[in-house]
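> What follows is final19.csv; its format and atoms are CSV, C-alpha atoms.
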```csv
chain,number,residue,atom,x,y,z
A,1400,MET,CA,0.0,0.0,0.0
A,1401,GLU,CA,1.6,3.3,-1.1
A,1402,PRO,CA,0.5,6.5,0.6
A,1403,LEU,CA,0.2,9.4,-1.9
A,1404,PRO,CA,-0.5,13.0,-0.9
A,1405,ALA,CA,-3.4,15.0,-2.2
A,1406,PRO,CA,-4.3,15.8,-4.9
A,1407,GLU,CA,-2.8,12.5,-6.2
A,1408,ALA,CA,-5.1,10.5,-3.8
A,1409,ASN,CA,-7.9,10.9,-1.4
A,1410,LEU,CA,-7.3,7.7,0.7
A,1411,TRP,CA,-4.2,6.7,2.7
A,1412,LEU,CA,-2.5,10.1,2.3
A,1413,THR,CA,0.3,9.5,4.9
A,1414,ALA,CA,2.5,6.7,6.0
A,1415,ASP,CA,0.7,6.7,9.4
A,1416,GLU,CA,-2.7,6.2,7.8
A,1417,THR,CA,-1.4,3.5,5.5
A,1418,GLN,CA,0.5,1.6,8.1
A,1419,ALA,CA,-2.7,1.6,10.3
A,1420,PHE,CA,-4.6,0.1,7.4
A,1421,VAL,CA,-1.9,-2.5,6.8
A,1422,ASP,CA,-1.9,-3.4,10.5
A,1423,ARG,CA,-5.6,-3.8,10.5
A,1424,ILE,CA,-5.4,-6.2,7.5
A,1425,GLY,CA,-2.7,-8.2,9.2
A,1426,HIS,CA,-1.6,-10.2,6.2
A,1427,PRO,CA,2.1,-10.7,5.5
A,1428,ARG,CA,1.6,-10.0,1.8
A,1429,VAL,CA,0.1,-6.6,2.4
A,1430,GLY,CA,2.6,-4.0,3.5
A,1431,LEU,CA,3.7,-0.4,3.4
A,1432,HIS,CA,5.3,1.0,0.2
A,1433,LEU,CA,7.4,4.1,1.0
A,1434,ASP,CA,7.9,6.7,-1.7
A,1435,VAL,CA,10.5,9.5,-1.2
A,1436,LYS,CA,8.4,12.1,-3.1
A,1437,SER,CA,5.4,11.3,-1.0
A,1438,MET,CA,7.3,11.2,2.2
A,1439,CYS,CA,8.6,14.7,1.4
A,1440,ALA,CA,4.9,15.9,1.4
A,1441,GLU,CA,4.7,14.7,5.0
A,1442,GLY,CA,7.7,16.7,6.1
A,1443,ASP,CA,11.1,15.1,6.7
A,1444,PRO,CA,11.3,11.8,4.8
A,1445,VAL,CA,14.1,10.6,7.1
A,1446,GLU,CA,11.6,10.7,10.1
A,1447,VAL,CA,9.1,8.7,8.2
A,1448,ILE,CA,11.8,6.1,7.3
A,1449,ARG,CA,12.8,5.9,11.0
A,1450,ARG,CA,9.2,5.2,12.0
A,1451,TYR,CA,8.4,2.7,9.3
A,1452,GLY,CA,11.5,1.6,7.4
A,1453,ASP,CA,11.6,-1.7,9.3
A,1454,LYS,CA,7.9,-2.3,8.2
A,1455,ALA,CA,8.2,-1.2,4.6
A,1456,LEU,CA,8.1,-3.9,1.9
A,1457,TYR,CA,9.1,-1.6,-0.9
A,1458,VAL,CA,10.8,1.8,-1.4
A,1459,HIS,CA,10.6,4.2,-4.4
A,1460,ALA,CA,13.6,6.5,-4.7
A,1461,ASN,CA,12.5,9.7,-6.5
A,1462,ASP,CA,12.9,13.3,-5.8
A,1463,ALA,CA,10.2,15.7,-4.5
A,1464,ASN,CA,10.2,17.3,-7.9
A,1465,ARG,CA,9.1,14.0,-9.4
A,1466,ARG,CA,12.5,13.3,-11.0
A,1467,GLY,CA,15.2,10.8,-10.1
A,1468,PRO,CA,17.7,11.0,-7.2
A,1469,GLY,CA,20.2,13.8,-7.8
A,1470,PHE,CA,17.8,15.9,-10.0
A,1471,GLY,CA,16.4,17.9,-7.1
A,1472,GLU,CA,16.9,19.1,-3.6
A,1473,VAL,CA,16.3,15.8,-1.6
A,1474,ASP,CA,19.4,14.7,0.2
A,1475,PHE,CA,19.5,11.0,-0.7
A,1476,ARG,CA,22.6,10.4,1.4
A,1477,ARG,CA,20.3,11.0,4.4
A,1478,ILE,CA,17.6,8.8,2.9
A,1479,LEU,CA,20.0,5.9,2.3
A,1480,SER,CA,21.5,6.3,5.8
A,1481,ALA,CA,18.1,6.2,7.4
A,1482,LEU,CA,17.2,3.0,5.4
A,1483,LYS,CA,20.4,1.4,6.6
A,1484,GLU,CA,19.6,2.4,10.2
A,1485,THR,CA,16.3,0.5,10.0
A,1486,GLY,CA,17.9,-2.6,8.5
A,1487,TRP,CA,16.5,-2.1,5.0
A,1488,PRO,CA,17.9,-5.0,3.0
A,1489,ASP,CA,17.7,-3.6,-0.5
A,1490,LEU,CA,16.8,-0.7,-2.8
A,1491,ASN,CA,13.8,-1.4,-5.0
A,1492,THR,CA,13.3,1.2,-7.6
A,1493,VAL,CA,14.3,4.6,-8.9
A,1494,VAL,CA,11.1,6.2,-10.2
A,1495,PRO,CA,11.5,9.5,-12.1
A,1496,CYS,CA,8.0,10.6,-13.0
A,1497,ASN,CA,9.1,13.8,-14.8
A,1498,PHE,CA,12.2,13.5,-16.8
A,1499,ARG,CA,13.5,16.1,-19.3
A,1500,MET,CA,16.6,15.4,-21.4
A,1501,HIS,CA,17.0,19.0,-22.6
A,1502,ARG,CA,18.8,19.7,-19.3
A,1503,PHE,CA,21.7,17.4,-20.2
A,1504,GLY,CA,22.2,17.8,-24.0
A,1505,SER,CA,22.1,15.2,-26.7
A,1506,ASN,CA,25.0,13.1,-25.5
A,1507,ALA,CA,23.9,12.9,-21.9
A,1508,THR,CA,23.4,9.7,-19.9
A,1509,PRO,CA,20.3,10.5,-17.9
A,1510,HIS,CA,20.9,8.1,-15.0
A,1511,MET,CA,24.4,9.5,-14.1
A,1512,PRO,CA,23.3,12.2,-11.6
A,1513,ALA,CA,21.2,9.6,-9.7
A,1514,ALA,CA,24.1,7.1,-9.7
A,1515,ASP,CA,26.6,9.8,-8.5
A,1516,THR,CA,24.2,10.8,-5.7
A,1517,MET,CA,23.7,7.3,-4.5
A,1518,ARG,CA,27.0,5.6,-5.1
A,1519,PRO,CA,28.8,6.9,-1.9
A,1520,GLN,CA,26.2,5.3,0.3
A,1521,LEU,CA,25.6,2.1,-1.5
A,1522,GLY,CA,28.9,0.4,-0.5
A,1523,SER,CA,27.9,0.8,3.2
A,1524,LEU,CA,24.6,-1.0,2.7
A,1525,PRO,CA,24.6,-4.8,3.5
A,1526,PHE,CA,23.4,-5.9,0.1
A,1527,MET,CA,26.2,-4.0,-1.6
A,1528,ALA,CA,29.0,-5.0,0.7
A,1529,HIS,CA,30.0,-8.1,-1.3
```
Any chance you could put this one into structure tokens?


Amino acid sequence: MEPLPAPEANLWLTADETQAFVDRIGHPRVGLHLDVKSMCAEGDPVEVIRRYGDKALYVHANDANRRGPGFGEVDFRRILSALKETGWPDLNTVVPCNFRMHRFGSNATPHMPAADTMRPQLGSLPFMAH
């Protein structure tokens, strides 16, 4: 279950509401899906991760501006550190919802800013330590 802020949704707008619903269902295949863009709408995404990172089944890494990591103001080093603190075993998906190539020129590799942002933290996560 992925909380999305208004106006994108009108039900389960926050991680708190969504986790309460997940708890009420009580089935191991129904869980919280955290999305960095959506957590930014709640305030500090790191605080949301600290509350629910150990319960989340899935995480979307995207910036508050709907682009990928490194294309906006979100500090993904803090995000990755918070996920590590909660024992998060893996990163699931980078989800840019609004990508514009004109910013990079015709020979650009669009994933590089996201990779450059995330690379320093990845080696310290358990699944990348091998």

> Excluding Val1421 in chain A and its own-chain neighbours fewer than 6 positions away, which residues fall within 12 Å of it when counting only C-alpha atoms? Please give them as a list of chain:residue names.

A:Met1400, A:Glu1401, A:Pro1402, A:Trp1411, A:Ala1414, A:Asp1415, A:Pro1427, A:Arg1428, A:Val1429, A:Gly1430, A:Leu1431, A:His1432, A:Tyr1451, A:Lys1454, A:Ala1455, A:Leu1456

> So that I have them on file, write out the residues from the current selection with C-alpha atoms, as a JSON list (two decimals), in the frame of the given file.


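Okay, out-v2.json is ready:
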```json
[["chain", "number", "residue", "atom", "x", "y", "z"],
["A", 1400, "MET", "CA", 0.00, 0.00, 0.00],
["A", 1401, "GLU", "CA", 1.60, 3.30, -1.10],
["A", 1402, "PRO", "CA", 0.50, 6.50, 0.60],
["A", 1411, "TRP", "CA", -4.20, 6.70, 2.70],
["A", 1414, "ALA", "CA", 2.50, 6.70, 6.00],
["A", 1415, "ASP", "CA", 0.70, 6.70, 9.40],
["A", 1427, "PRO", "CA", 2.10, -10.70, 5.50],
["A", 1428, "ARG", "CA", 1.60, -10.00, 1.80],
["A", 1429, "VAL", "CA", 0.10, -6.60, 2.40],
["A", 1430, "GLY", "CA", 2.60, -4.00, 3.50],
["A", 1431, "LEU", "CA", 3.70, -0.40, 3.40],
["A", 1432, "HIS", "CA", 5.30, 1.00, 0.20],
["A", 1451, "TYR", "CA", 8.40, 2.70, 9.30],
["A", 1454, "LYS", "CA", 7.90, -2.30, 8.20],
["A", 1455, "ALA", "CA", 8.20, -1.20, 4.60],
["A", 1456, "LEU", "CA", 8.10, -3.90, 1.90]]
```

> Might you pull out every residue within 8 Å of Arg1449 in chain A, with all atoms listed in the file counted and same-chain residues fewer than 3 positions away left off, and present them as a list in words?

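Using all atoms listed in the file, the neighbours found are Val1445, Glu1446, Gly1452, Asp1453, Ala1481, Leu1482, Glu1484 and Thr1485 of chain A.
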
> Just the number, please: distance in Å from CA of Phe1475 in chain A to CA of Asn1409 in chain A, one decimal.

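Rounded to one decimal, the two atoms are 27.4 Å apart.
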
> Closest to Arg1477 in chain A among A:Ile1448, A:Ile1424, A:Ala1405, A:Leu1433, using all atoms listed in the file?

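Checking each candidate against Arg1477 in chain A, we get A:Ile1448 as the closest.
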
> One decimal, in Å: what's the spacing between CA of Ser1480 in chain A and CA of Ala1419 in chain A?

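Distance reported for this atom pair: 25.1 Å.
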
> When you draw a straight line from CA of Met1438 in chain A to CA of Asp1462 in chain A, how long is it in Å?

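Separation between CA of Met1438 in chain A and CA of Asp1462 in chain A: 10.0 Å.
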
> Pick out the residues sitting within 9 Å of Glu1441 in chain A, and hand them over as a count of residues only; count all atoms listed in the file, and ignore anything fewer than 3 positions along from it in its own chain.

8

> So which residues touch Ala1463 in chain A within 9 Å, counting all atoms listed in the file, skipping near sequence neighbours fewer than 2 positions away, as a JSON list (two decimals) with C-alpha atoms, in the frame of the given file?


```
[["chain", "number", "residue", "atom", "x", "y", "z"],
["A", 1435, "VAL", "CA", 10.50, 9.50, -1.20],
["A", 1436, "LYS", "CA", 8.40, 12.10, -3.10],
["A", 1437, "SER", "CA", 5.40, 11.30, -1.00],
["A", 1438, "MET", "CA", 7.30, 11.20, 2.20],
["A", 1439, "CYS", "CA", 8.60, 14.70, 1.40],
["A", 1440, "ALA", "CA", 4.90, 15.90, 1.40],
["A", 1461, "ASN", "CA", 12.50, 9.70, -6.50],
["A", 1465, "ARG", "CA", 9.10, 14.00, -9.40],
["A", 1466, "ARG", "CA", 12.50, 13.30, -11.00],
["A", 1467, "GLY", "CA", 15.20, 10.80, -10.10],
["A", 1471, "GLY", "CA", 16.40, 17.90, -7.10],
["A", 1472, "GLU", "CA", 16.90, 19.10, -3.60],
["A", 1473, "VAL", "CA", 16.30, 15.80, -1.60]]
```

> Can you pull range 1404-1492 of chain A out of that block with C-alpha atoms and hand it back as a compact mmCIF listing (two decimals), in the first residue's frame?


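Printed below is decode_28.txt as written:
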```
# COMPACT_ATOMS: atom_id res chain seq x y z
CA PRO A 1404 -0.53 12.99 -0.87
CA ALA A 1405 -3.45 15.04 -2.15
CA PRO A 1406 -4.25 15.80 -4.92
CA GLU A 1407 -2.82 12.48 -6.16
CA ALA A 1408 -5.06 10.50 -3.82
CA ASN A 1409 -7.89 10.87 -1.35
CA LEU A 1410 -7.28 7.75 0.72
CA TRP A 1411 -4.19 6.74 2.71
CA LEU A 1412 -2.45 10.09 2.31
CA THR A 1413 0.30 9.47 4.88
CA ALA A 1414 2.53 6.65 6.03
CA ASP A 1415 0.74 6.73 9.41
CA GLU A 1416 -2.68 6.19 7.81
CA THR A 1417 -1.40 3.52 5.47
CA GLN A 1418 0.47 1.57 8.14
CA ALA A 1419 -2.66 1.63 10.35
CA PHE A 1420 -4.60 0.11 7.45
CA VAL A 1421 -1.87 -2.49 6.82
CA ASP A 1422 -1.86 -3.40 10.52
CA ARG A 1423 -5.62 -3.82 10.48
CA ILE A 1424 -5.45 -6.19 7.49
CA GLY A 1425 -2.72 -8.18 9.21
CA HIS A 1426 -1.60 -10.21 6.21
CA PRO A 1427 2.13 -10.72 5.46
CA ARG A 1428 1.65 -9.97 1.75
CA VAL A 1429 0.08 -6.59 2.42
CA GLY A 1430 2.57 -3.98 3.50
CA LEU A 1431 3.71 -0.39 3.38
CA HIS A 1432 5.30 0.98 0.22
CA LEU A 1433 7.37 4.09 0.97
CA ASP A 1434 7.92 6.68 -1.75
CA VAL A 1435 10.47 9.47 -1.18
CA LYS A 1436 8.43 12.06 -3.11
CA SER A 1437 5.35 11.25 -1.03
CA MET A 1438 7.30 11.22 2.24
CA CYS A 1439 8.57 14.73 1.41
CA ALA A 1440 4.94 15.89 1.40
CA GLU A 1441 4.70 14.66 5.01
CA GLY A 1442 7.73 16.66 6.14
CA ASP A 1443 11.14 15.11 6.68
CA PRO A 1444 11.29 11.77 4.82
CA VAL A 1445 14.06 10.57 7.14
CA GLU A 1446 11.65 10.74 10.09
CA VAL A 1447 9.07 8.69 8.15
CA ILE A 1448 11.77 6.12 7.32
CA ARG A 1449 12.84 5.92 10.95
CA ARG A 1450 9.22 5.24 11.96
CA TYR A 1451 8.39 2.73 9.25
CA GLY A 1452 11.53 1.60 7.43
CA ASP A 1453 11.56 -1.71 9.27
CA LYS A 1454 7.93 -2.34 8.23
CA ALA A 1455 8.17 -1.24 4.58
CA LEU A 1456 8.10 -3.90 1.89
CA TYR A 1457 9.08 -1.57 -0.93
CA VAL A 1458 10.77 1.82 -1.44
CA HIS A 1459 10.65 4.19 -4.40
CA ALA A 1460 13.64 6.50 -4.69
CA ASN A 1461 12.49 9.66 -6.46
CA ASP A 1462 12.88 13.35 -5.76
CA ALA A 1463 10.15 15.66 -4.48
CA ASN A 1464 10.21 17.31 -7.91
CA ARG A 1465 9.11 13.97 -9.44
CA ARG A 1466 12.51 13.31 -10.98
CA GLY A 1467 15.15 10.76 -10.05
CA PRO A 1468 17.67 11.04 -7.20
CA GLY A 1469 20.20 13.79 -7.84
CA PHE A 1470 17.83 15.86 -10.00
CA GLY A 1471 16.41 17.93 -7.15
CA GLU A 1472 16.87 19.09 -3.57
CA VAL A 1473 16.29 15.84 -1.64
CA ASP A 1474 19.42 14.66 0.17
CA PHE A 1475 19.52 10.97 -0.74
CA ARG A 1476 22.56 10.38 1.43
CA ARG A 1477 20.29 10.98 4.43
CA ILE A 1478 17.60 8.76 2.90
CA LEU A 1479 20.02 5.88 2.32
CA SER A 1480 21.53 6.26 5.79
CA ALA A 1481 18.08 6.16 7.39
CA LEU A 1482 17.19 3.03 5.40
CA LYS A 1483 20.41 1.43 6.58
CA GLU A 1484 19.61 2.36 10.20
CA THR A 1485 16.27 0.55 9.98
CA GLY A 1486 17.88 -2.57 8.54
CA TRP A 1487 16.53 -2.08 5.04
CA PRO A 1488 17.89 -5.00 3.00
CA ASP A 1489 17.69 -3.60 -0.53
CA LEU A 1490 16.76 -0.68 -2.77
CA ASN A 1491 13.81 -1.45 -5.00
CA THR A 1492 13.26 1.19 -7.64
```
